[in-house]
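Undergrad: Structure below; questions to follow.
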Amino acid sequence: MKIVAAVAVKLWLVALLIAVAGAAQAQARYEGHKKCGSCHRSQAESWRNTKHAQAMKSLEPNARAEAKRKASLDPAKDYTADKDCVGCHVTGFEREGGYRIGARNLDLDSVACESCHGPGRQYRLLHRKAGQAFESERKTTPRQQLAEAGEEKEFRERCNACHLNYEGSPWTGARKPYTPFTPKVDPKYAFDFDKALDDDKAVHEHFKLEGVFTGPPLPPFRDRLQARAQPGVMGKE
Ligand code: HEC
Ligand code: HEC
Ligand code: HEC
Ligand code: HEC
């Protein structure tokens, strides 16, 4: 009788662990750029003028014909539903809440906020709560909570996964499907993270933060980018 009870408890614990793991995973969910942009108006406006915001359009027939020809692609072909292309031209490809070929894909059909900052469902709620606490009583929130909620603070690996993913790449994580646009096709496609990071026309312009979040982990380049940041406009969800 005792043994049966012990086994039952163990099975119950296993079921609980699976449920908890499932819940944590479900929270690391992509939501699309509209959610972020409703508050971070200035970054959203600046991002809309980048090529990342138009990345899906480049897969349409006859778009960027010259570049495609140079990379031995067929300029007349429609690549917008091609699984060898779409992954790097959208947000959260085949991840929870992310882009899926043939699905509705609201606000996910470009390289948007969460492609770089991480899936936003969980940390977005923290931003709102922390923003309100700061506004009403100047209370700050430890940045550690953002990292735990899946907000990206390193960035390099995320950029590399799209930009350095080709055969013979210096990046050791490279695996198929590869990008057709490599330094062999044209040296201008060589990717230098530190240089690219300072290209506001590629990422987005930077706007002054008030310091709602404090402490580690901070990206090593935060101070550099904030030093030239402009005052921005914040909206509400
Ligand atoms: C309800 C409004 C709201 C939404 C929605 C929102 N944020 Fe924020 N976010 C804030 C506030 C408030 C801050 C703190 C700003 C400050 O310190 O001046 C912040 C801070 C940030 C920071 C800086 C964090 C740090 O380390 O200091 C980043 C990056 C950011 N948000 C990105 C995003 C992204 C990406 C999304 C969408 C997934 C998003 N936010 C959604 C309100 C929001
Ligand atoms: C999900 C894949 C993906 C991620 C993540 C990504 N990029 Fe890109 N990036 C692209 C694609 C696709 C293009 C080309 C868009 C187009 O022209 O259609 C591009 C274009 C660029 C360009 C060229 C822009 C221009 O104006 O010529 C730069 C620079 C760049 N990205 C830097 C970065 C940096 C820095 C990061 C990380 C902070 C990053 N990217 C993250 C996919 C990605
Ligand atoms: C591993 C990620 C990845 C895959 C897979 C991928 N791309 Fe891209 N693509 C990129 C990146 C990164 C850039 C930006 C290169 C740059 O400007 O440095 C880009 C840029 C482009 C451009 C713009 C080039 C220019 O100079 O204007 C086109 C067009 C394009 N890709 C089409 C495709 C097609 C078609 C496929 C499938 C056959 C594909 N891509 C697959 C990552 C990828
Ligand atoms: C190509 C990658 C990339 C994309 C796409 C992107 N960001 Fe960023 N973002 C960055 C990087 C890198 C930083 C600097 C990180 C830091 O200082 O913590 C940054 C910083 C920020 C900050 C902090 C304040 C500032 O202006 O530097 C906010 C807020 C933010 N991004 C919001 C957004 C929103 C909203 C979107 C979508 C509309 C977006 N980002 C799209 C890479 C990206």
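Each chain in the structure tokens gets a letter, A, B and so on, in the order shown; residues start at 1 in every chain, and ligands are counted from 1 in the order they appear.
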Can you tell me which residues sit at most 7 Å away from ligand 2, counting only C-alpha atoms and all ligand atoms, written as a VMD selection string?
TA: chain A and resid 50 to 52 54 to 58 87 to 91 111 115 to 116 155 to 156 158 to 159 161 to 163 193 196 to 197 199 201 to 203
Undergrad: What would the file look like if the residues just selected were written as a PDB file, in the first residue's frame with C-alpha atoms?
TA:
ATOM      1  CA  THR A  50      14.899  50.376 -41.475  1.00  0.00           C
ATOM      2  CA  LYS A  51      15.374  47.529 -43.915  1.00  0.00           C
ATOM      3  CA  HIS A  52      14.512  45.083 -41.115  1.00  0.00           C
ATOM      4  CA  GLN A  54      10.741  45.614 -44.971  1.00  0.00           C
ATOM      5  CA  ALA A  55      12.536  42.250 -44.831  1.00  0.00           C
ATOM      6  CA  MET A  56       9.529  40.188 -45.961  1.00  0.00           C
ATOM      7  CA  LYS A  57       9.013  42.413 -49.026  1.00  0.00           C
ATOM      8  CA  SER A  58      12.495  41.481 -50.257  1.00  0.00           C
ATOM      9  CA  GLY A  87      13.004  32.198 -41.093  1.00  0.00           C
ATOM     10  CA  CYS A  88      15.441  35.145 -41.177  1.00  0.00           C
ATOM     11  CA  HIS A  89      13.004  37.633 -42.723  1.00  0.00           C
ATOM     12  CA  VAL A  90      10.284  37.434 -40.019  1.00  0.00           C
ATOM     13  CA  THR A  91       9.824  37.497 -36.203  1.00  0.00           C
ATOM     14  CA  VAL A 111      12.468  41.497 -38.511  1.00  0.00           C
ATOM     15  CA  SER A 115      13.802  39.386 -33.156  1.00  0.00           C
ATOM     16  CA  CYS A 116      16.466  41.320 -31.249  1.00  0.00           C
ATOM     17  CA  PHE A 155      22.181  40.646 -28.668  1.00  0.00           C
ATOM     18  CA  ARG A 156      25.262  39.292 -30.473  1.00  0.00           C
ATOM     19  CA  ARG A 158      20.656  36.878 -32.124  1.00  0.00           C
ATOM     20  CA  CYS A 159      22.213  39.002 -34.874  1.00  0.00           C
ATOM     21  CA  ALA A 161      21.960  33.648 -36.150  1.00  0.00           C
ATOM     22  CA  CYS A 162      20.674  35.570 -39.186  1.00  0.00           C
ATOM     23  CA  HIS A 163      23.735  37.483 -40.382  1.00  0.00           C
ATOM     24  CA  PHE A 193      28.565  43.141 -34.811  1.00  0.00           C
ATOM     25  CA  ALA A 196      26.473  47.134 -37.190  1.00  0.00           C
ATOM     26  CA  LEU A 197      25.315  48.016 -33.685  1.00  0.00           C
ATOM     27  CA  ASP A 199      24.299  51.800 -37.461  1.00  0.00           C
ATOM     28  CA  LYS A 201      19.636  53.251 -39.807  1.00  0.00           C
ATOM     29  CA  ALA A 202      19.857  49.444 -39.524  1.00  0.00           C
ATOM     30  CA  VAL A 203      18.803  48.924 -35.853  1.00  0.00           C
TER      31      VAL A 203
END
Undergrad: Give one line per residue of chain A that approaches ligand 3 to at most 9 Å, naming the two atoms of the closest pair and their distance in Å to one decimal, counting only C-alpha atoms and all ligand atoms; sort by chain then ascending residue number and deliver it as a Markdown table.
TA:
| residue | atom | partner | partner_atom_place_in_ligand_line | distance |
| --- | --- | --- | --- | --- |
| A:Lys51 | CA | ligand 3 | 17 (O) | 8.6 |
| A:His52 | CA | ligand 3 | 14 (C) | 8.6 |
| A:Ala55 | CA | ligand 3 | 21 (C) | 7.3 |
| A:Met56 | CA | ligand 3 | 32 (C) | 8.6 |
| A:Lys57 | CA | ligand 3 | 29 (C) | 8.4 |
| A:Ser58 | CA | ligand 3 | 29 (C) | 4.6 |
| A:Leu59 | CA | ligand 3 | 35 (C) | 5.3 |
| A:Glu60 | CA | ligand 3 | 35 (C) | 8.2 |
| A:Ala63 | CA | ligand 3 | 29 (C) | 6.7 |
| A:Arg64 | CA | ligand 3 | 29 (C) | 5.1 |
| A:Ala65 | CA | ligand 3 | 29 (C) | 7.2 |
| A:Glu66 | CA | ligand 3 | 27 (O) | 8.0 |
| A:Ala67 | CA | ligand 3 | 26 (O) | 5.0 |
| A:Lys68 | CA | ligand 3 | 29 (C) | 5.5 |
| A:Ala71 | CA | ligand 3 | 24 (C) | 8.7 |
| A:Leu73 | CA | ligand 3 | 35 (C) | 6.5 |
| A:Asp74 | CA | ligand 3 | 35 (C) | 8.0 |
| A:Pro75 | CA | ligand 3 | 35 (C) | 8.2 |
| A:Lys77 | CA | ligand 3 | 35 (C) | 8.3 |
| A:Asp78 | CA | ligand 3 | 35 (C) | 8.0 |
| A:Tyr79 | CA | ligand 3 | 35 (C) | 5.4 |
| A:Thr80 | CA | ligand 3 | 35 (C) | 8.0 |
| A:Asp82 | CA | ligand 3 | 37 (C) | 6.8 |
| A:Lys83 | CA | ligand 3 | 37 (C) | 7.8 |
| A:Asp84 | CA | ligand 3 | 37 (C) | 5.1 |
| A:Cys85 | CA | ligand 3 | 37 (C) | 3.4 |
| A:Val86 | CA | ligand 3 | 41 (C) | 6.5 |
| A:Gly87 | CA | ligand 3 | 5 (C) | 6.0 |
| A:Cys88 | CA | ligand 3 | 2 (C) | 4.3 |
| A:His89 | CA | ligand 3 | 7 (N) | 6.5 |
| A:Cys159 | CA | ligand 3 | 12 (C) | 7.9 |
| A:Asn160 | CA | ligand 3 | 12 (C) | 8.3 |
| A:Ala161 | CA | ligand 3 | 1 (C) | 6.5 |
| A:Cys162 | CA | ligand 3 | 2 (C) | 4.0 |
| A:His163 | CA | ligand 3 | 12 (C) | 3.8 |
| A:Leu164 | CA | ligand 3 | 1 (C) | 7.2 |
| A:Asn165 | CA | ligand 3 | 1 (C) | 4.7 |
| A:Tyr166 | CA | ligand 3 | 1 (C) | 6.7 |
| A:Ala174 | CA | ligand 3 | 1 (C) | 8.2 |
| A:Arg175 | CA | ligand 3 | 1 (C) | 8.1 |
| A:Lys176 | CA | ligand 3 | 5 (C) | 7.4 |
| A:Pro177 | CA | ligand 3 | 5 (C) | 4.8 |
| A:Tyr178 | CA | ligand 3 | 1 (C) | 4.4 |
| A:Thr179 | CA | ligand 3 | 3 (C) | 3.7 |
| A:Pro180 | CA | ligand 3 | 39 (C) | 5.8 |
| A:Phe181 | CA | ligand 3 | 15 (C) | 5.7 |
| A:Thr182 | CA | ligand 3 | 15 (C) | 7.5 |
| A:Pro183 | CA | ligand 3 | 18 (O) | 8.5 |
| A:Asp186 | CA | ligand 3 | 26 (O) | 8.9 |
| A:Lys188 | CA | ligand 3 | 18 (O) | 6.5 |
| A:Tyr189 | CA | ligand 3 | 18 (O) | 3.9 |
| A:Ala190 | CA | ligand 3 | 18 (O) | 6.4 |
| A:Phe191 | CA | ligand 3 | 18 (O) | 6.4 |
Undergrad: Filtering to N, CA and C atoms, could you give me those residues as a compact mmCIF listing (two decimals), in the first residue's frame?
TA:
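Output file selection-v6.txt is given in full below:
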# COMPACT_ATOMS: atom_id res chain seq x y z
N LYS A 51 15.60 48.66 -43.00
CA LYS A 51 15.37 47.53 -43.91
C LYS A 51 14.80 46.32 -43.18
N HIS A 52 15.10 46.19 -41.89
CA HIS A 52 14.51 45.08 -41.11
C HIS A 52 12.98 45.10 -41.21
N ALA A 55 11.81 43.48 -44.46
CA ALA A 55 12.54 42.25 -44.83
C ALA A 55 11.68 41.24 -45.60
N MET A 56 10.39 41.15 -45.27
CA MET A 56 9.53 40.19 -45.96
C MET A 56 9.31 40.60 -47.42
N LYS A 57 9.24 41.91 -47.66
CA LYS A 57 9.01 42.41 -49.03
C LYS A 57 10.15 42.01 -49.96
N SER A 58 11.34 41.86 -49.42
CA SER A 58 12.49 41.48 -50.26
C SER A 58 12.33 40.09 -50.85
N LEU A 59 11.42 39.29 -50.26
CA LEU A 59 11.22 37.92 -50.75
C LEU A 59 10.18 37.86 -51.87
N GLU A 60 9.54 39.00 -52.16
CA GLU A 60 8.51 39.04 -53.22
C GLU A 60 9.16 39.00 -54.60
N ALA A 63 11.47 41.94 -56.39
CA ALA A 63 12.08 42.86 -55.42
C ALA A 63 13.58 42.56 -55.33
N ARG A 64 14.39 43.60 -55.26
CA ARG A 64 15.85 43.44 -55.15
C ARG A 64 16.41 42.50 -56.23
N ALA A 65 15.92 42.67 -57.44
CA ALA A 65 16.27 41.74 -58.52
C ALA A 65 17.78 41.64 -58.74
N GLU A 66 18.44 42.78 -58.73
CA GLU A 66 19.90 42.80 -58.99
C GLU A 66 20.65 41.99 -57.93
N ALA A 67 20.30 42.23 -56.65
CA ALA A 67 20.96 41.52 -55.55
C ALA A 67 20.70 40.02 -55.65
N LYS A 68 19.47 39.65 -56.00
CA LYS A 68 19.13 38.23 -56.11
C LYS A 68 19.94 37.57 -57.22
N ALA A 71 23.34 36.74 -56.25
CA ALA A 71 23.45 35.63 -55.30
C ALA A 71 22.91 34.33 -55.91
N LEU A 73 20.05 33.69 -57.24
CA LEU A 73 18.64 33.41 -56.98
C LEU A 73 17.83 33.85 -58.20
N ASP A 74 16.60 33.34 -58.33
CA ASP A 74 15.74 33.69 -59.46
C ASP A 74 14.90 34.92 -59.08
N PRO A 75 15.18 36.07 -59.68
CA PRO A 75 14.48 37.31 -59.28
C PRO A 75 12.98 37.24 -59.50
N LYS A 77 11.05 34.65 -59.00
CA LYS A 77 10.40 33.66 -58.13
C LYS A 77 9.82 34.31 -56.87
N ASP A 78 8.70 33.74 -56.38
CA ASP A 78 8.11 34.19 -55.12
C ASP A 78 8.72 33.35 -53.98
N TYR A 79 9.49 34.00 -53.11
CA TYR A 79 10.13 33.28 -52.00
C TYR A 79 9.41 33.51 -50.67
N THR A 80 8.22 34.16 -50.71
CA THR A 80 7.57 34.58 -49.45
C THR A 80 7.02 33.43 -48.61
N ASP A 82 8.72 30.30 -48.78
CA ASP A 82 9.80 29.32 -48.92
C ASP A 82 10.50 29.13 -47.57
N LYS A 83 10.43 27.92 -47.04
CA LYS A 83 10.98 27.69 -45.69
C LYS A 83 12.50 27.88 -45.63
N ASP A 84 13.16 27.89 -46.79
CA ASP A 84 14.61 28.14 -46.80
C ASP A 84 14.93 29.64 -46.74
N CYS A 85 13.91 30.47 -46.79
CA CYS A 85 14.13 31.92 -46.79
C CYS A 85 13.46 32.62 -45.60
N VAL A 86 12.22 32.25 -45.35
CA VAL A 86 11.34 33.02 -44.46
C VAL A 86 11.91 33.21 -43.04
N GLY A 87 12.55 32.18 -42.49
CA GLY A 87 13.00 32.20 -41.09
C GLY A 87 13.75 33.45 -40.67
N CYS A 88 14.62 33.97 -41.53
CA CYS A 88 15.44 35.15 -41.18
C CYS A 88 14.80 36.46 -41.59
N HIS A 89 13.65 36.41 -42.24
CA HIS A 89 13.00 37.63 -42.72
C HIS A 89 11.73 37.95 -41.95
N CYS A 159 21.83 38.44 -33.57
CA CYS A 159 22.21 39.00 -34.87
C CYS A 159 22.95 37.94 -35.69
N ASN A 160 23.90 37.27 -35.02
CA ASN A 160 24.70 36.25 -35.72
C ASN A 160 23.84 35.17 -36.36
N ALA A 161 22.78 34.76 -35.66
CA ALA A 161 21.96 33.65 -36.15
C ALA A 161 21.35 33.95 -37.52
N CYS A 162 21.16 35.21 -37.84
CA CYS A 162 20.67 35.57 -39.19
C CYS A 162 21.82 36.02 -40.09
N HIS A 163 22.73 36.83 -39.53
CA HIS A 163 23.73 37.48 -40.38
C HIS A 163 24.96 36.64 -40.66
N LEU A 164 25.30 35.73 -39.76
CA LEU A 164 26.52 34.92 -39.96
C LEU A 164 26.18 33.45 -40.18
N ASN A 165 24.96 33.20 -40.64
CA ASN A 165 24.55 31.81 -40.82
C ASN A 165 24.76 31.36 -42.27
N TYR A 166 26.00 30.98 -42.58
CA TYR A 166 26.31 30.45 -43.91
C TYR A 166 27.52 29.51 -43.82
N ALA A 174 26.54 28.08 -37.17
CA ALA A 174 25.90 28.07 -38.49
C ALA A 174 25.32 26.70 -38.86
N ARG A 175 24.07 26.70 -39.31
CA ARG A 175 23.45 25.48 -39.85
C ARG A 175 22.32 25.87 -40.82
N LYS A 176 21.99 24.93 -41.72
CA LYS A 176 20.97 25.19 -42.75
C LYS A 176 19.62 25.54 -42.14
N PRO A 177 18.80 26.34 -42.83
CA PRO A 177 19.05 27.01 -44.11
C PRO A 177 19.98 28.24 -43.97
N TYR A 178 20.91 28.35 -44.90
CA TYR A 178 21.90 29.43 -44.87
C TYR A 178 21.39 30.68 -45.58
N THR A 179 21.98 31.83 -45.25
CA THR A 179 21.68 33.04 -46.01
C THR A 179 22.44 32.99 -47.35
N PRO A 180 21.76 33.39 -48.44
CA PRO A 180 22.45 33.42 -49.74
C PRO A 180 23.41 34.61 -49.84
N PHE A 181 23.31 35.58 -48.90
CA PHE A 181 24.07 36.83 -49.03
C PHE A 181 25.30 36.81 -48.12
N THR A 182 26.38 36.29 -48.66
CA THR A 182 27.61 36.07 -47.90
C THR A 182 28.73 36.98 -48.43
N PRO A 183 29.81 37.13 -47.69
CA PRO A 183 30.92 37.97 -48.16
C PRO A 183 31.51 37.49 -49.49
N ASP A 186 29.40 39.27 -52.08
CA ASP A 186 29.82 40.68 -52.08
C ASP A 186 30.41 40.97 -50.69
N LYS A 188 30.39 43.43 -49.01
CA LYS A 188 29.54 44.29 -48.18
C LYS A 188 28.62 43.48 -47.25
N TYR A 189 28.49 42.17 -47.52
CA TYR A 189 27.63 41.34 -46.67
C TYR A 189 28.39 40.77 -45.45
N ALA A 190 29.69 41.08 -45.33
CA ALA A 190 30.44 40.66 -44.13
C ALA A 190 29.80 41.35 -42.92
N PHE A 191 29.62 40.63 -41.82
CA PHE A 191 28.91 41.20 -40.67
C PHE A 191 29.87 41.45 -39.51
Undergrad: Could I get the residue neighbourhood of ligand 1 at 8 Å, counting only C-alpha atoms and all ligand atoms, as a ChimeraX atom specification?
TA: /A:30-40,113-114,116-121,123-125,127-132,143,146,151,153,208-214,217-218,234-237
Undergrad: Pick from A:Asp192, A:Glu94, A:Glu167, A:Glu154: nearest to ligand 4, with only C-alpha atoms and all ligand atoms counted?
TA: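 Of the candidates, the smallest distance to ligand 4 is held by A:Glu154.
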Undergrad: Using only C-alpha atoms and all ligand atoms, which residue out of A:Arg228, A:Lys139, A:Lys70, A:Arg100 lies closest to ligand 4?
TA: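 Among the listed residues, the smallest separation from ligand 4 belongs to A:Arg228.
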Undergrad: Identify which of the residues A:Lys184, A:Pro142, A:Pro219, A:Lys195 lies closest to Gly168 in chain A, counting only C-alpha atoms when measuring atom-to-atom distances.
TA: A:Lys184
Undergrad: Apply DSSP to the backbone of this structure and, from range 38-195 of chain A, keep only the residues in alpha helix (DSSP H); write these as a PyMOL selection string.
TA: chain A and resi 38-39+41-48+65-70+113-117+121-137+144-148+156-163+193-195
Undergrad: Taking only C-alpha atoms into account, which of A:Glu45, A:Glu148, A:Glu96, A:Asp107 comes nearest Pro216 in chain A?
TA: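 With only C-alpha atoms as the atom set, the closest residue is A:Glu148.
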Undergrad: Report, in Å with one decimal, the straight-line distance from atom 4 (C, counted along the ligand's line) of ligand 4 to CA of Leu106 in chain A.
TA: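 Between atom 4 (C, counted along the ligand's line) of ligand 4 and CA of Leu106 in chain A the gap is 17.2 Å.
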Undergrad: Which of these, A:His206, A:Arg95, A:Arg138, A:Arg224, has the shortest distance to ligand 4 once you count only C-alpha atoms and all ligand atoms?
TA: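 Of all the options, A:His206 lies closest to ligand 4.
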Undergrad: Calculate how many Å separate CA of Glu157 in chain A from atom 33 (C, counted along the ligand's line) of ligand 4, rounding to one decimal.
TA: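 Answer for the CA of Glu157 in chain A to atom 33 (C, counted along the ligand's line) of ligand 4 separation: 17.4 Å.
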